[in-house]
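Engineer: Coordinates in upload03.txt, compact mmCIF, C-alpha atoms, are listed below.
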```txt
# COMPACT_ATOMS: atom_id res chain seq x y z
CA MET A 1075 -59.97 -18.14 62.95
CA ARG A 1076 -63.38 -18.28 64.55
CA GLU A 1077 -65.61 -21.14 63.47
CA ARG A 1078 -67.92 -20.34 60.59
CA LYS A 1079 -71.63 -20.54 61.31
CA GLY A 1080 -73.54 -23.46 59.88
CA TRP A 1081 -76.02 -21.25 58.03
CA ASN A 1082 -75.63 -17.94 56.25
CA LEU A 1083 -77.60 -14.72 56.64
CA VAL A 1084 -76.07 -13.36 53.44
CA ASP A 1085 -73.79 -14.58 50.66
CA VAL A 1086 -71.69 -11.45 50.13
CA ILE A 1087 -70.35 -8.62 52.27
CA VAL A 1088 -69.36 -5.36 50.57
CA CYS A 1089 -67.01 -3.03 52.43
CA SER A 1090 -64.43 -0.33 51.94
CA LEU A 1091 -60.89 -0.27 53.30
CA GLY A 1092 -59.08 2.78 54.57
CA TYR A 1093 -60.57 6.18 55.34
CA HIS A 1094 -63.06 6.59 52.50
CA LEU A 1095 -66.63 5.33 53.03
CA ARG A 1096 -67.42 4.67 49.32
CA THR A 1097 -71.14 4.85 50.10
CA LYS A 1098 -72.30 5.34 46.50
CA GLU A 1099 -70.06 2.54 45.27
CA LYS A 1100 -71.37 0.22 47.97
CA ILE A 1101 -74.99 0.94 47.04
CA ALA A 1102 -74.27 0.37 43.35
CA MET A 1103 -72.57 -2.93 44.13
CA LEU A 1104 -75.42 -4.09 46.39
CA LYS A 1105 -77.96 -3.33 43.65
CA LYS A 1106 -75.89 -5.34 41.18
CA PHE A 1107 -75.89 -8.41 43.45
CA TRP A 1108 -79.54 -8.16 44.51
CA SER A 1109 -80.65 -7.87 40.87
CA HIS A 1110 -79.08 -11.29 40.26
CA GLY A 1111 -80.63 -12.89 43.35
CA ILE A 1112 -77.41 -12.86 45.42
CA SER A 1113 -78.08 -11.82 49.02
CA CYS A 1114 -75.67 -9.21 50.31
CA THR A 1115 -75.07 -6.49 52.83
CA ALA A 1116 -72.64 -3.61 53.29
CA LEU A 1117 -70.57 -2.87 56.39
CA ASP A 1118 -70.96 0.61 57.83
CA GLY A 1119 -68.02 2.96 57.54
CA SER A 1120 -64.57 1.90 56.47
CA GLN A 1121 -62.99 -1.28 57.78
CA ASN A 1122 -59.68 -2.98 58.14
CA LEU A 1123 -59.25 -6.41 56.63
CA GLU A 1124 -59.34 -8.28 59.93
CA THR A 1125 -62.62 -6.69 60.99
CA ALA A 1126 -64.19 -7.41 57.60
CA GLU A 1127 -63.21 -11.07 57.84
CA GLU A 1128 -64.62 -11.32 61.36
CA GLN A 1129 -67.93 -9.86 60.15
CA CYS A 1130 -67.93 -12.25 57.21
CA ILE A 1131 -67.64 -15.22 59.57
CA GLU A 1132 -70.19 -13.79 62.00
CA LEU A 1133 -72.81 -13.44 59.23
CA GLY A 1134 -71.91 -16.77 57.64
CA ALA A 1135 -71.10 -15.05 54.34
CA SER A 1136 -68.89 -16.71 51.73
CA PHE A 1137 -67.46 -13.60 50.04
CA ILE A 1138 -66.04 -10.17 50.88
CA VAL A 1139 -65.93 -7.60 48.09
CA LEU A 1140 -63.38 -4.94 48.97
CA LEU A 1141 -63.73 -1.45 47.52
CA LYS A 1142 -60.91 1.03 47.27
CA GLU A 1143 -60.35 4.25 45.34
CA ASP A 1144 -61.41 3.86 41.69
CA SER A 1145 -62.00 0.12 42.26
CA PHE A 1146 -65.57 0.24 40.94
CA ASN A 1147 -64.22 1.01 37.47
CA SER A 1148 -61.35 -1.48 37.60
CA ASN A 1149 -60.50 -4.73 39.38
CA LEU A 1150 -62.08 -5.62 42.71
CA ARG A 1151 -60.50 -7.63 45.50
CA VAL A 1152 -62.78 -10.57 46.25
CA ARG A 1153 -61.95 -12.68 49.29
CA TYR A 1154 -63.77 -15.96 49.81
CA LEU A 1155 -63.80 -18.70 52.40
CA GLU A 1156 -62.69 -22.15 51.43
CA LYS A 1157 -61.80 -24.89 53.91
CA GLN A 1158 -61.88 -22.42 56.81
CA ARG A 1159 -59.37 -20.01 55.28
CA PHE A 1160 -59.64 -16.92 53.13
CA LEU A 1161 -58.42 -16.89 49.54
CA GLU A 1162 -58.31 -13.81 47.33
CA LYS A 1163 -58.85 -13.15 43.66
CA LYS A 1164 -58.87 -9.94 41.65
CA VAL A 1165 -62.01 -9.75 39.53
CA SER A 1166 -63.19 -7.03 37.18
CA THR A 1167 -66.38 -5.19 38.12
CA SER A 1168 -68.14 -6.52 35.01
CA GLU A 1169 -67.34 -10.14 35.95
CA VAL A 1170 -67.80 -10.10 39.72
CA VAL A 1171 -71.42 -11.33 39.64
CA GLU A 1172 -70.58 -14.20 37.32
CA PHE A 1173 -67.57 -15.17 39.44
CA ILE A 1174 -69.50 -15.19 42.71
CA SER A 1175 -72.49 -16.98 41.17
CA SER A 1176 -70.25 -19.76 39.87
CA ARG A 1177 -68.56 -20.11 43.27
CA LEU A 1178 -71.91 -20.22 45.06
CA ASN A 1179 -73.04 -23.02 42.76
CA TYR A 1180 -69.77 -24.84 43.49
CA PHE A 1181 -70.29 -24.49 47.25
CA SER A 1182 -73.89 -25.66 46.90
CA ASN A 1183 -72.87 -28.80 45.01
CA ASN A 1184 -69.97 -29.72 47.30
CA GLN A 1185 -71.04 -28.83 50.82
CA GLN A 1186 -73.32 -30.95 53.01
CA ASN A 1187 -76.78 -29.49 52.99
CA SER A 1188 -78.07 -29.06 56.53
CA LYS A 1189 -81.61 -28.06 55.56
CA VAL A 1190 -84.37 -30.39 56.66
CA GLU A 1191 -87.22 -30.75 54.18
CA ILE A 1192 -90.66 -31.13 55.67
CA GLN A 1193 -93.00 -33.33 53.64
CA ARG A 1194 -96.58 -32.13 53.38
CA SER A 1195 -99.73 -33.33 51.74
CA VAL A 1196 -100.22 -32.12 48.17
CA PRO A 1197 -101.65 -28.57 48.24
CA PRO A 1198 -104.55 -27.55 46.04
CA PRO A 1199 -103.62 -26.75 42.40
CA PRO A 1200 -102.59 -24.58 40.65
CA PHE A 1201 -100.23 -23.58 43.47
CA GLU A 1202 -97.26 -25.37 44.97
CA SER A 1203 -96.02 -25.15 48.58
CA ASN A 1204 -93.07 -26.64 50.41
CA ALA A 1205 -91.00 -25.88 53.49
CA GLN A 1206 -87.38 -25.76 54.60
CA THR A 1207 -86.12 -25.41 58.16
CA HIS A 1208 -83.04 -23.40 59.11
CA GLN A 1209 -81.33 -23.08 62.46
CA GLY A 1210 -78.29 -20.90 62.88
CA SER A 1211 -75.88 -20.92 65.82
CA SER A 1212 -77.66 -17.79 67.06
CA GLY A 1213 -81.05 -16.26 66.45
CA PRO A 1214 -84.40 -17.96 65.97
CA CYS A 1215 -85.21 -21.12 64.04
CA ILE A 1216 -86.63 -20.13 60.65
CA ASN A 1217 -89.06 -22.28 58.70
CA VAL A 1218 -89.19 -21.14 55.08
CA SER A 1219 -92.10 -22.10 52.85
CA PHE A 1220 -93.47 -20.89 49.53
CA VAL A 1221 -96.76 -20.52 47.72
CA ILE A 1222 -95.76 -20.37 44.07
CA THR A 1223 -97.64 -20.66 40.80
CA GLU A 1224 -97.17 -23.94 39.01
CA GLY A 1225 -96.31 -24.00 35.34
CA LYS A 1226 -93.49 -21.46 35.66
CA ASP A 1227 -90.09 -23.08 35.14
CA LYS A 1228 -87.63 -22.20 37.88
CA PRO A 1229 -83.82 -22.65 37.88
CA ALA A 1230 -82.54 -25.53 39.99
CA ASN A 1231 -81.19 -23.19 42.66
CA TRP A 1232 -84.19 -20.82 42.63
CA LYS A 1233 -85.51 -21.77 46.06
CA ARG A 1234 -82.09 -21.53 47.68
CA ARG A 1235 -81.59 -18.08 46.18
CA GLN A 1236 -85.03 -16.91 47.34
CA GLU A 1237 -84.50 -18.26 50.86
CA SER A 1238 -81.14 -16.52 51.14
CA MET A 1239 -82.54 -13.27 49.76
CA MET A 1240 -85.60 -13.24 52.04
CA ILE A 1241 -83.71 -13.97 55.23
CA GLY A 1242 -80.97 -11.54 54.31
CA HIS A 1243 -83.66 -8.89 53.91
CA ILE A 1244 -85.39 -9.53 57.25
CA SER A 1245 -82.26 -10.45 59.26
CA GLU A 1246 -82.13 -7.12 61.12
CA ALA A 1247 -85.71 -7.58 62.31
CA LEU A 1248 -84.88 -11.05 63.67
CA ARG A 1249 -81.77 -10.14 65.65
CA LYS A 1250 -83.65 -9.46 68.90
CA LEU A 1251 -85.42 -12.84 68.85
CA SER A 1252 -84.05 -15.68 70.94
CA LYS A 1253 -82.78 -19.01 69.66
CA GLN A 1254 -85.79 -20.74 71.21
CA GLN A 1255 -88.30 -18.83 69.08
CA VAL A 1256 -89.56 -20.08 65.73
CA VAL A 1257 -90.28 -17.79 62.80
CA GLU A 1258 -92.40 -18.95 59.88
CA LEU A 1259 -91.29 -17.16 56.71
CA LEU A 1260 -93.78 -17.51 53.86
CA GLY A 1261 -92.65 -16.41 50.40
CA ILE A 1262 -95.44 -15.69 47.95
CA GLU A 1263 -95.30 -14.84 44.22
CA VAL A 1264 -97.59 -11.83 44.40
CA SER A 1265 -97.19 -8.08 44.76
CA SER A 1266 -96.86 -6.20 48.03
CA ASP A 1267 -100.53 -5.14 47.71
CA VAL A 1268 -101.59 -8.69 48.55
CA VAL A 1269 -99.27 -8.75 51.56
CA LYS A 1270 -100.74 -5.46 52.80
CA ILE A 1271 -104.30 -6.75 52.41
CA LEU A 1272 -103.55 -9.96 54.32
CA SER A 1273 -101.65 -8.26 57.13
CA SER A 1274 -104.32 -5.59 57.67
CA GLU A 1275 -107.47 -7.67 57.23
CA LEU A 1276 -106.71 -11.16 58.56
CA ASP A 1277 -107.84 -11.73 62.14
CA ILE A 1278 -105.68 -14.50 63.64
CA SER A 1279 -107.09 -14.30 67.17
CA ASP A 1280 -109.01 -17.58 66.72
CA LYS A 1281 -110.16 -19.97 64.00
CA ASP A 1282 -113.68 -18.58 63.67
CA GLN A 1283 -112.52 -15.00 63.25
CA TYR A 1284 -109.83 -16.11 60.87
CA ASN A 1285 -112.24 -18.02 58.63
CA LYS A 1286 -114.66 -15.09 58.69
CA THR A 1287 -112.02 -12.59 57.55
CA VAL A 1288 -110.75 -15.00 54.88
CA SER A 1289 -114.28 -15.25 53.47
CA GLU A 1290 -114.55 -11.47 53.40
CA ILE A 1291 -111.23 -11.16 51.57
CA LEU A 1292 -112.24 -13.74 48.97
CA GLU A 1293 -115.55 -11.95 48.36
CA ARG A 1294 -113.85 -8.60 47.87
CA HIS A 1295 -111.17 -9.97 45.52
CA PRO A 1296 -112.89 -12.52 43.24
CA ARG A 1297 -110.30 -12.20 40.44
CA GLN A 1298 -107.52 -13.18 42.84
CA ARG A 1299 -109.59 -15.71 44.73
CA LYS A 1300 -107.35 -18.72 43.94
CA ILE A 1301 -104.09 -17.15 45.07
CA PHE A 1302 -105.68 -15.60 48.17
CA LYS A 1303 -107.19 -18.96 49.14
CA ALA A 1304 -103.90 -20.82 48.62
CA ILE A 1305 -102.03 -18.31 50.78
CA CYS A 1306 -104.71 -18.24 53.47
CA ASP A 1307 -104.77 -22.04 53.61
CA GLU A 1308 -101.03 -22.02 54.19
CA ILE A 1309 -101.28 -19.35 56.89
CA TYR A 1310 -104.08 -21.33 58.58
CA GLU A 1311 -101.86 -24.42 58.76
CA ILE A 1312 -98.94 -22.42 60.12
CA ILE A 1313 -100.93 -20.64 62.84
CA PHE A 1314 -103.62 -23.10 63.88
CA ILE A 1315 -102.10 -26.50 63.03
CA LYS A 1316 -98.46 -25.85 63.81
CA ASN A 1317 -99.36 -23.30 66.51
CA SER A 1318 -96.67 -20.89 65.38
CA GLU A 1319 -96.71 -17.44 66.96
CA ILE A 1320 -94.63 -15.45 64.46
CA ILE A 1321 -95.23 -15.49 60.72
CA VAL A 1322 -93.59 -13.22 58.14
CA ILE A 1323 -95.40 -12.87 54.79
CA TYR A 1324 -92.90 -11.91 52.08
CA SER A 1325 -93.64 -10.70 48.55
CA LEU A 1326 -91.12 -12.26 46.17
CA VAL A 1327 -92.19 -9.71 43.55
CA ASP A 1328 -91.46 -6.52 45.52
CA ASN A 1329 -89.22 -7.76 48.37
CA PHE A 1330 -91.79 -6.40 50.81
CA TYR A 1331 -92.85 -8.13 54.02
CA LYS A 1332 -95.21 -7.87 56.97
CA THR A 1333 -95.25 -9.75 60.26
CA LEU A 1334 -98.29 -11.41 61.83
CA MET A 1335 -98.08 -12.13 65.56
```
Output the file's structure as structure tokens, nothing else.
Structural biologist:
Amino acid sequence: MRERKGWNLVDVIVCSLGYHLRTKEKIAMLKKFWSHGISCTALDGSQNLETAEEQCIELGASFIVLLKEDSFNSNLRVRYLEKQRFLEKKVSTSEVVEFISSRLNYFSNNQQNSKVEIQRSVPPPPFESNAQTHQGSSGPCINVSFVITEGKDKPANWKRRQESMMIGHISEALRKLSKQQVVELLGIEVSSDVVKILSSELDISDKDQYNKTVSEILERHPRQRKIFKAICDEIYEIIFIKNSEIIVIYSLVDNFYKTLM
């Protein structure tokens, strides 16, 4: 068996075996996982088991959900990696999310965490920011950070789920980037409208132009001034302090993103 990658693009792969594509069933299953914060993808066409397992290892996924005729209304075959080998369990469609969630929590509690936390000075209230760094065996290094509203209780594994979801969503766009490149992925708890405003109006050519466009944005959106300022402060640090060339702004509300370069 090929060696599993040290970091995962997705948690779950959904595929069909045999000659039937099961496209509608795949889409329904993907929606079920995404709605519970589990990152997933579907393999194109129908697969054989060996190919599905190879893809699972290549993407660093932990689970393969196998669809066959009438399987969406009965038991599913769920294969999962444990100690570098695949195990299999039959799980009903109604219980598959709970089963995979419990296994993901188990993996999280028992595996060595390779993420490196970057300590930063305390950001201005009422918003909280932090960063995690990820480096896979291929593809760019990804620094993940958040601007989130304080006072909202989050589950213990919330950040891990959001990181996995965001990178799973943008993974296709990152495939052409080299391992030497660094991508700054900024997750923000606002709608896609804010992301569109920032991506279209911010001028990142130099500090003066950036500060000028930030001031203009704050003047035009006084009711959202605090969140805009917190996000713009974070972007300023990423671009002009860390000198990063690629930043992805990601709406955690709408799963919508834009790239600044």
Engineer: Write out as a compact mmCIF listing (two decimals) with C-alpha atoms, in the frame of the given file which residues come within 8 Å of A:Gln1255 when counting only C-alpha atoms, dropping same-chain ones fewer than 2 positions away.
Structural biologist:
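Final output, around_28.txt:
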```
# COMPACT_ATOMS: atom_id res chain seq x y z
CA PRO A 1214 -84.40 -17.96 65.97
CA CYS A 1215 -85.21 -21.12 64.04
CA LEU A 1251 -85.42 -12.84 68.85
CA SER A 1252 -84.05 -15.68 70.94
CA LYS A 1253 -82.78 -19.01 69.66
CA VAL A 1257 -90.28 -17.79 62.80
```
Engineer: Interatomic distance between atom CA of A:Met1239 and atom CA of A:Arg1153?
Structural biologist: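 These two atoms are separated by 20.6 Å.
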Engineer: Would you work out the distance separating atom CA of A:Ile1271 from atom CA of A:Val1288, expressed in Å to one decimal?
Structural biologist: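 Distance reported for this atom pair: 10.8 Å.
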Engineer: Taking all atoms listed in the file into account, name the residue in A:Glu1172, A:Glu1263, A:Asp1280, A:Asp1118 that is nearest to A:Ile1101.
Structural biologist: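 Result for the nearest residue to A:Ile1101: A:Asp1118.
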Engineer: Quick one: everything within 7 Å of stretch 1084-1097 of chain A, counting all atoms listed in the file, minus sequence neighbours fewer than 6 positions away in the same chain. Send it as a list of chain:residue names.
Structural biologist: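 Using all atoms listed in the file, the neighbours found are A:Ile1112, A:Ser1113, A:Cys1114, A:Thr1115, A:Ala1116, A:Leu1117, A:Gly1119, A:Ser1120, A:Gln1121, A:Asn1122, A:Cys1130, A:Leu1133, A:Gly1134, A:Ala1135, A:Ser1136, A:Phe1137, A:Ile1138, A:Val1139, A:Leu1140, A:Leu1141, A:Lys1142, A:Ser1238, A:Gly1242.
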Engineer: Identify the residues within 12 Å of coordinate (-63.8, -8.8, 37.5) (same frame as the file), considering all atoms listed in the file, and give the answer as an mmCIF file with C-alpha atoms, keeping the file's coordinate frame.
Structural biologist:
```
data_model
loop_
_atom_site.group_PDB
_atom_site.id
_atom_site.type_symbol
_atom_site.label_atom_id
_atom_site.label_comp_id
_atom_site.auth_asym_id
_atom_site.auth_seq_id
_atom_site.Cartn_x
_atom_site.Cartn_y
_atom_site.Cartn_z
ATOM 1 C CA VAL A 1139 -65.930 -7.600 48.090
ATOM 2 C CA SER A 1145 -62.000 0.120 42.260
ATOM 3 C CA PHE A 1146 -65.570 0.240 40.940
ATOM 4 C CA ASN A 1147 -64.220 1.010 37.470
ATOM 5 C CA SER A 1148 -61.350 -1.480 37.600
ATOM 6 C CA ASN A 1149 -60.500 -4.730 39.380
ATOM 7 C CA LEU A 1150 -62.080 -5.620 42.710
ATOM 8 C CA ARG A 1151 -60.500 -7.630 45.500
ATOM 9 C CA VAL A 1152 -62.780 -10.570 46.250
ATOM 10 C CA LYS A 1163 -58.850 -13.150 43.660
ATOM 11 C CA LYS A 1164 -58.870 -9.940 41.650
ATOM 12 C CA VAL A 1165 -62.010 -9.750 39.530
ATOM 13 C CA SER A 1166 -63.190 -7.030 37.180
ATOM 14 C CA THR A 1167 -66.380 -5.190 38.120
ATOM 15 C CA SER A 1168 -68.140 -6.520 35.010
ATOM 16 C CA GLU A 1169 -67.340 -10.140 35.950
ATOM 17 C CA VAL A 1170 -67.800 -10.100 39.720
ATOM 18 C CA VAL A 1171 -71.420 -11.330 39.640
ATOM 19 C CA GLU A 1172 -70.580 -14.200 37.320
ATOM 20 C CA PHE A 1173 -67.570 -15.170 39.440
ATOM 21 C CA ILE A 1174 -69.500 -15.190 42.710
#
```
Engineer: With all atoms listed in the file counted and 10 Å as the cut-off, give the residues of stretch 1276-1295 of chain A in contact with stretch 1313-1323 of chain A, each with its shortest interatomic distance in Å and the pair that gives it, as JSON lines.
Structural biologist:
```
{"residue": "A:Ile1278", "atom": "CA", "partner": "A:Ile1313", "partner_atom": "CA", "distance": 7.8}
{"residue": "A:Ser1279", "atom": "CA", "partner": "A:Ile1313", "partner_atom": "CA", "distance": 9.8}
{"residue": "A:Asp1280", "atom": "CA", "partner": "A:Phe1314", "partner_atom": "CA", "distance": 8.2}
{"residue": "A:Lys1281", "atom": "CA", "partner": "A:Phe1314", "partner_atom": "CA", "distance": 7.3}
{"residue": "A:Tyr1284", "atom": "CA", "partner": "A:Phe1314", "partner_atom": "CA", "distance": 9.8}
```
Engineer: Produce a file of the selected residues containing C-alpha atoms, as an mmCIF file, in the frame of the given file.
Structural biologist:
```cif
data_model
loop_
_atom_site.group_PDB
_atom_site.id
_atom_site.type_symbol
_atom_site.label_atom_id
_atom_site.label_comp_id
_atom_site.auth_asym_id
_atom_site.auth_seq_id
_atom_site.Cartn_x
_atom_site.Cartn_y
_atom_site.Cartn_z
ATOM 1 C CA ILE A 1278 -105.680 -14.500 63.640
ATOM 2 C CA SER A 1279 -107.090 -14.300 67.170
ATOM 3 C CA ASP A 1280 -109.010 -17.580 66.720
ATOM 4 C CA LYS A 1281 -110.160 -19.970 64.000
ATOM 5 C CA TYR A 1284 -109.830 -16.110 60.870
#
```
Engineer: Please identify all polymer residues within 6 Å of stretch 1326-1329 of chain A, counting only C-alpha atoms, omitting same-chain residues fewer than 5 positions from it, and present them as an mmCIF file with C-alpha atoms, keeping the file's coordinate frame.
Structural biologist:
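Listed below is the output, out-v6.cif:
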```cif
data_model
loop_
_atom_site.group_PDB
_atom_site.id
_atom_site.type_symbol
_atom_site.label_atom_id
_atom_site.label_comp_id
_atom_site.auth_asym_id
_atom_site.auth_seq_id
_atom_site.Cartn_x
_atom_site.Cartn_y
_atom_site.Cartn_z
ATOM 1 C CA ILE A 1262 -95.440 -15.690 47.950
ATOM 2 C CA GLU A 1263 -95.300 -14.840 44.220
ATOM 3 C CA VAL A 1264 -97.590 -11.830 44.400
ATOM 4 C CA SER A 1265 -97.190 -8.080 44.760
ATOM 5 C CA SER A 1266 -96.860 -6.200 48.030
#
```
Engineer: To one decimal place, how far is atom CA of A:Ile1222 from atom CA of A:Gly1261 in Å?
Structural biologist: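 Going from atom CA of A:Ile1222 over to atom CA of A:Gly1261, I get 8.1 Å.
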Engineer: Quick one: of A:Arg1235, A:Val1268, A:Thr1333, A:Glu1132, who's nearest to A:Lys1303, counting all atoms listed in the file?
Structural biologist: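 Ranking A:Arg1235, A:Val1268, A:Thr1333, A:Glu1132 by distance to A:Lys1303, first place goes to A:Val1268.
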Engineer: Nearest residue to A:Lys1286 out of A:Cys1306, A:Ser1176, A:Ile1301, A:Gln1158, using all atoms listed in the file?
Structural biologist: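 The answer is A:Cys1306, which sits nearest to A:Lys1286.
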